[in-house]
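Scroll down for the structure; my scribbles are underneath it.
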Amino acid sequence: MTNGTPYAAEKGVYILANDIVLDQLIALINSLEQNVSPTLPICVVPYDDNTQQSRQATKAYPQVTWFDDTTILAKWEAFATKIWEAHPTAFSEWRERGVMGVNRMGMHRRFCCFDGPFNQFIYLDADILAMNSFDLIFDSLEEHAFVTYDFQYKDLSHVFNVDAPNLTDVFEQNRLNTEIFCAGLFASHKGAFTDSMLSELLASLQNGDADILYHHGPDQSILNYMVLKSDIDAINLSRTLSPEKRTGCCVTSPHFVEKDNLLFDKGEQLIYLHYIGISSRFFRQVCARKNILFPYRDLFLHYRYLKDSEQPVLIGDPILYNQPILRKAQRVKRAVRQLMTTTQ
């Protein structure tokens, strides 16, 4: 294995990243080394071309490669583009926000995992820390085509357009209540979606199903549609594990107990922690020594600087990441950027 070319392997992990999430990428890789396996193959899928710093940083990890198959990257970007072209309002609403083309196109590159080098794989967003062995997830792939472990099914509104009149025509309400999942972590097999399957899915979307997609979470909406519509054998461990073995995974859960840089939920060790909803800017600011407070911050810092001699000393009074004054400043900056984009 080289650090530049992925090689075929039975099992491995994919991470979607670029230089914007460099600090989170390093923290995740360190947590995988520490808590899963130091030899588990990791393949980083580039979110975009802004990856020079990340590529340099990951050279220190012999188990890490980069996914640079431009043919496969182009295949899935074209697939996503055709889907959103079939959506009644996505492109017009994105243009109103100053977005040209498909919003967050890089997020759709996670689909490349289905054509990647690993026969069995776990996909991870960069805003995750591995807390335990992945054996439970990989073992589940021996009996199922697609595996998740989250509680997204409790909130349909971030997956499909709940106001779409044809939503329950496409999927029965019971399935919408129980089979929805978060796209931040999933496991599957290489080739789970064949080209013929993708053609059928695209045809259905172009014939009206695209109306149900949630275009503010574009990649997650598409992946849920692909799994539900194709009826592949999918399982969500949060719904099948016994209550005493089931754990949470989301950073918004305040009750996790930390011990030896691991997290426990009612005595059961978490498999992963997902910092969902916390912007990457806050991780960058903390690593630049700004004293931003967010849940399980010190745990993140531990893994980010696991291989460094010391962590950065934070400067200034602590500021909660979700303070109203901070959110207002971010909205102002975003408005200025959009204005600059529209006037260029």
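By convention in this document, the chains of the structure tokens carry letters A, B, ... by their order, each chain's residues are numbered from 1, and ligands are numbered from 1 in the order they are shown.
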
May I have the residues within 8 Å of Gly116 (chain A) as a PDB file with N, CA and C atoms, in the first residue's frame, using only C-alpha atoms and disregarding those fewer than 4 positions away in the same chain?
ATOM      1  N   PHE A  67      -8.664   8.549  -2.276  1.00  0.00           N
ATOM      2  CA  PHE A  67      -9.497   8.078  -3.378  1.00  0.00           C
ATOM      3  C   PHE A  67      -9.405   9.095  -4.515  1.00  0.00           C
ATOM      4  N   CYS A 112     -19.118   7.274  -3.751  1.00  0.00           N
ATOM      5  CA  CYS A 112     -18.006   6.580  -4.410  1.00  0.00           C
ATOM      6  C   CYS A 112     -17.587   5.329  -3.640  1.00  0.00           C
ATOM      7  N   LYS A 190     -19.127  -3.293  -1.463  1.00  0.00           N
ATOM      8  CA  LYS A 190     -18.786  -2.820  -2.798  1.00  0.00           C
ATOM      9  C   LYS A 190     -19.773  -3.406  -3.810  1.00  0.00           C
TER      10      LYS A 190
END

- request: Name the residues of region 41-276 of chain A that come out as strand (DSSP E or B) in a backbone DSSP run; write them as a PyMOL selection string.
  value: chain A and resi 42-46+64-66+118-125+128-130+146-148+160+185-189+213+234-236+250+257-259+262-265+268-269+272-274

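Nearest residue to Trp66 (chain A) among A:Phe193, A:Tyr272, A:Tyr47, A:Trp84 is A:Tyr47, counting only C-alpha atoms.
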
- request: List the neighbours of Phe121 (chain A) out to 7 Å using only C-alpha atoms; skip same-chain residues closer than 5 positions along the sequence, and give me the result as a list in words.
  value: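 Close residues of Phe121 (chain A): Lys11, Gly12, Val13, Ala187, Ser188 and His189 of chain A.
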
Please produce a file of those selected residues containing N, CA, C and O atoms, as a PDB file, in the first residue's frame.
ATOM      1  N   LYS A  11     -11.793  -5.328   4.119  1.00  0.00           N
ATOM      2  CA  LYS A  11     -12.508  -4.373   4.954  1.00  0.00           C
ATOM      3  C   LYS A  11     -11.713  -3.074   5.068  1.00  0.00           C
ATOM      4  O   LYS A  11     -10.481  -3.098   5.083  1.00  0.00           O
ATOM      5  N   GLY A  12     -12.449  -1.979   5.164  1.00  0.00           N
ATOM      6  CA  GLY A  12     -11.785  -0.696   5.336  1.00  0.00           C
ATOM      7  C   GLY A  12     -12.789   0.391   5.671  1.00  0.00           C
ATOM      8  O   GLY A  12     -14.004   0.164   5.695  1.00  0.00           O
ATOM      9  N   VAL A  13     -12.251   1.583   5.910  1.00  0.00           N
ATOM     10  CA  VAL A  13     -13.053   2.735   6.291  1.00  0.00           C
ATOM     11  C   VAL A  13     -12.830   3.860   5.292  1.00  0.00           C
ATOM     12  O   VAL A  13     -11.694   4.105   4.858  1.00  0.00           O
ATOM     13  N   ALA A 187     -22.570   1.447   6.686  1.00  0.00           N
ATOM     14  CA  ALA A 187     -21.697   0.366   6.239  1.00  0.00           C
ATOM     15  C   ALA A 187     -22.394  -0.408   5.128  1.00  0.00           C
ATOM     16  O   ALA A 187     -23.617  -0.556   5.131  1.00  0.00           O
ATOM     17  N   SER A 188     -21.604  -0.896   4.186  1.00  0.00           N
ATOM     18  CA  SER A 188     -22.203  -1.636   3.077  1.00  0.00           C
ATOM     19  C   SER A 188     -21.123  -2.438   2.358  1.00  0.00           C
ATOM     20  O   SER A 188     -20.002  -2.594   2.860  1.00  0.00           O
ATOM     21  N   HIS A 189     -21.481  -2.914   1.187  1.00  0.00           N
ATOM     22  CA  HIS A 189     -20.608  -3.742   0.373  1.00  0.00           C
ATOM     23  C   HIS A 189     -20.289  -3.043  -0.946  1.00  0.00           C
ATOM     24  O   HIS A 189     -21.128  -2.326  -1.486  1.00  0.00           O
TER      25      HIS A 189
END

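Every protein or nucleic acid residue with an atom no more than 12 Å from Glu310 (chain A), counting only C-alpha atoms and leaving out same-chain residues fewer than 6 positions away, appears here: Cys287, Leu301, His302, Tyr303 and Arg304 of chain A.
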
- request: Would you list the contacts of Leu223 (chain A) as number ranges by chain, taking every protein, DNA or RNA residue within 10 Å and counting only C-alpha atoms, but skipping same-chain residues closer than 3 positions in sequence?
  value: A: 108, 110-111, 159, 180-183, 218-220, 226-229

Atoms kept (all heavy atoms) for selection, written as a tab-separated table (two decimals), in the first residue's frame:
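This went into again.tsv:
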chain	number	residue	atom	x	y	z
A	108	HIS	N	-21.88	14.53	-2.04
A	108	HIS	CA	-22.37	13.38	-2.81
A	108	HIS	C	-21.24	12.40	-3.14
A	108	HIS	O	-21.50	11.28	-3.58
A	108	HIS	CB	-23.02	13.86	-4.11
A	108	HIS	CG	-24.23	14.73	-3.89
A	108	HIS	ND1	-24.13	16.07	-3.59
A	108	HIS	CD2	-25.56	14.44	-3.93
A	108	HIS	CE1	-25.35	16.58	-3.47
A	108	HIS	NE2	-26.23	15.62	-3.66
A	110	ARG	N	-19.53	10.78	-1.21
A	110	ARG	CA	-19.55	9.61	-0.32
A	110	ARG	C	-20.06	8.38	-1.06
A	110	ARG	O	-19.76	7.25	-0.69
A	110	ARG	CB	-20.38	9.89	0.93
A	110	ARG	CG	-21.89	9.91	0.72
A	110	ARG	CD	-22.60	10.38	1.97
A	110	ARG	NE	-22.27	11.77	2.27
A	110	ARG	CZ	-22.20	12.27	3.51
A	110	ARG	NH1	-22.45	11.49	4.54
A	110	ARG	NH2	-21.91	13.52	3.69
A	111	PHE	N	-20.86	8.60	-2.11
A	111	PHE	CA	-21.40	7.46	-2.86
A	111	PHE	C	-20.30	6.67	-3.57
A	111	PHE	O	-20.52	5.52	-3.96
A	111	PHE	CB	-22.42	7.94	-3.88
A	111	PHE	CG	-23.57	8.72	-3.29
A	111	PHE	CD1	-24.21	9.71	-4.03
A	111	PHE	CD2	-24.01	8.49	-1.99
A	111	PHE	CE1	-25.26	10.45	-3.50
A	111	PHE	CE2	-25.05	9.21	-1.45
A	111	PHE	CZ	-25.68	10.20	-2.20
A	159	VAL	N	-34.56	14.47	6.16
A	159	VAL	CA	-34.28	13.44	5.15
A	159	VAL	C	-35.14	13.62	3.91
A	159	VAL	O	-34.64	13.66	2.79
A	159	VAL	CB	-34.48	12.03	5.75
A	159	VAL	CG1	-34.30	10.96	4.66
A	159	VAL	CG2	-33.50	11.79	6.89
A	180	ILE	N	-35.62	5.41	8.26
A	180	ILE	CA	-34.77	6.56	7.95
A	180	ILE	C	-33.47	6.47	8.74
A	180	ILE	O	-33.45	6.00	9.87
A	180	ILE	CB	-35.52	7.86	8.27
A	180	ILE	CG1	-36.80	7.95	7.45
A	180	ILE	CG2	-34.65	9.08	8.02
A	180	ILE	CD1	-36.60	7.82	5.97
A	181	PHE	N	-32.38	6.96	8.16
A	181	PHE	CA	-31.09	6.89	8.84
A	181	PHE	C	-30.25	8.12	8.53
A	181	PHE	O	-30.55	8.88	7.60
A	181	PHE	CB	-30.33	5.63	8.40
A	181	PHE	CG	-30.08	5.56	6.91
A	181	PHE	CD1	-28.96	6.14	6.33
A	181	PHE	CD2	-31.00	4.93	6.08
A	181	PHE	CE1	-28.75	6.09	4.96
A	181	PHE	CE2	-30.80	4.86	4.70
A	181	PHE	CZ	-29.68	5.45	4.14
A	182	CYS	N	-29.22	8.33	9.32
A	182	CYS	CA	-28.26	9.42	9.11
A	182	CYS	C	-27.16	8.93	8.18
A	182	CYS	O	-26.66	7.81	8.34
A	182	CYS	CB	-27.67	9.86	10.45
A	182	CYS	SG	-26.32	11.06	10.33
A	183	ALA	N	-26.77	9.76	7.23
A	183	ALA	CA	-25.75	9.37	6.25
A	183	ALA	C	-24.34	9.62	6.76
A	183	ALA	O	-23.38	9.42	6.03
A	183	ALA	CB	-25.97	10.13	4.93
A	218	PRO	N	-28.85	17.36	0.75
A	218	PRO	CA	-29.01	16.67	-0.54
A	218	PRO	C	-28.49	15.24	-0.59
A	218	PRO	O	-29.19	14.35	-1.06
A	218	PRO	CB	-28.25	17.59	-1.51
A	218	PRO	CG	-27.29	18.35	-0.66
A	218	PRO	CD	-27.98	18.55	0.64
A	219	ASP	N	-27.29	15.01	-0.10
A	219	ASP	CA	-26.71	13.67	-0.19
A	219	ASP	C	-27.44	12.69	0.72
A	219	ASP	O	-27.68	11.54	0.35
A	219	ASP	CB	-25.23	13.72	0.17
A	219	ASP	CG	-25.01	14.43	1.51
A	219	ASP	OD1	-25.17	15.66	1.54
A	219	ASP	OD2	-24.71	13.76	2.52
A	220	GLN	N	-27.80	13.12	1.92
A	220	GLN	CA	-28.50	12.25	2.86
A	220	GLN	C	-29.87	11.85	2.32
A	220	GLN	O	-30.30	10.71	2.46
A	220	GLN	CB	-28.66	12.95	4.21
A	220	GLN	CG	-29.41	12.14	5.25
A	220	GLN	CD	-29.25	12.69	6.65
A	220	GLN	OE1	-28.31	12.34	7.35
A	220	GLN	NE2	-30.16	13.55	7.07
A	226	MET	N	-32.23	5.87	-2.11
A	226	MET	CA	-31.62	4.73	-2.78
A	226	MET	C	-31.85	3.44	-1.99
A	226	MET	O	-32.21	2.40	-2.56
A	226	MET	CB	-30.12	4.97	-2.97
A	226	MET	CG	-29.77	6.02	-4.02
A	226	MET	SD	-28.02	6.54	-3.93
A	226	MET	CE	-27.18	4.97	-4.22
A	227	VAL	N	-31.64	3.51	-0.70
A	227	VAL	CA	-31.77	2.30	0.13
A	227	VAL	C	-33.22	1.86	0.24
A	227	VAL	O	-33.55	0.68	0.06
A	227	VAL	CB	-31.17	2.56	1.53
A	227	VAL	CG1	-31.46	1.39	2.46
A	227	VAL	CG2	-29.66	2.79	1.43
A	228	LEU	N	-34.12	2.81	0.52
A	228	LEU	CA	-35.53	2.44	0.68
A	228	LEU	C	-36.15	1.99	-0.64
A	228	LEU	O	-36.90	1.00	-0.68
A	228	LEU	CB	-36.32	3.61	1.25
A	228	LEU	CG	-36.44	3.67	2.79
A	228	LEU	CD1	-35.07	3.95	3.42
A	228	LEU	CD2	-37.42	4.75	3.21
A	229	LYS	N	-35.86	2.69	-1.71
A	229	LYS	CA	-36.50	2.39	-2.99
A	229	LYS	C	-36.01	1.07	-3.58
A	229	LYS	O	-36.78	0.33	-4.21
A	229	LYS	CB	-36.24	3.52	-3.98
A	229	LYS	CG	-37.03	3.43	-5.28
A	229	LYS	CD	-38.50	3.74	-5.05
A	229	LYS	CE	-39.26	3.82	-6.37
A	229	LYS	NZ	-40.68	4.19	-6.15

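Pairwise distance (CA of Gln63 (chain A), CA of Asp298 (chain A)) equals 25.9 Å.
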
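Of the residues under consideration (A:Leu205, A:Ile122, A:His215, A:Gln311), A:Ile122 shows the shortest atom-to-atom contact distance to Ser140 (chain A) when counting only C-alpha atoms.
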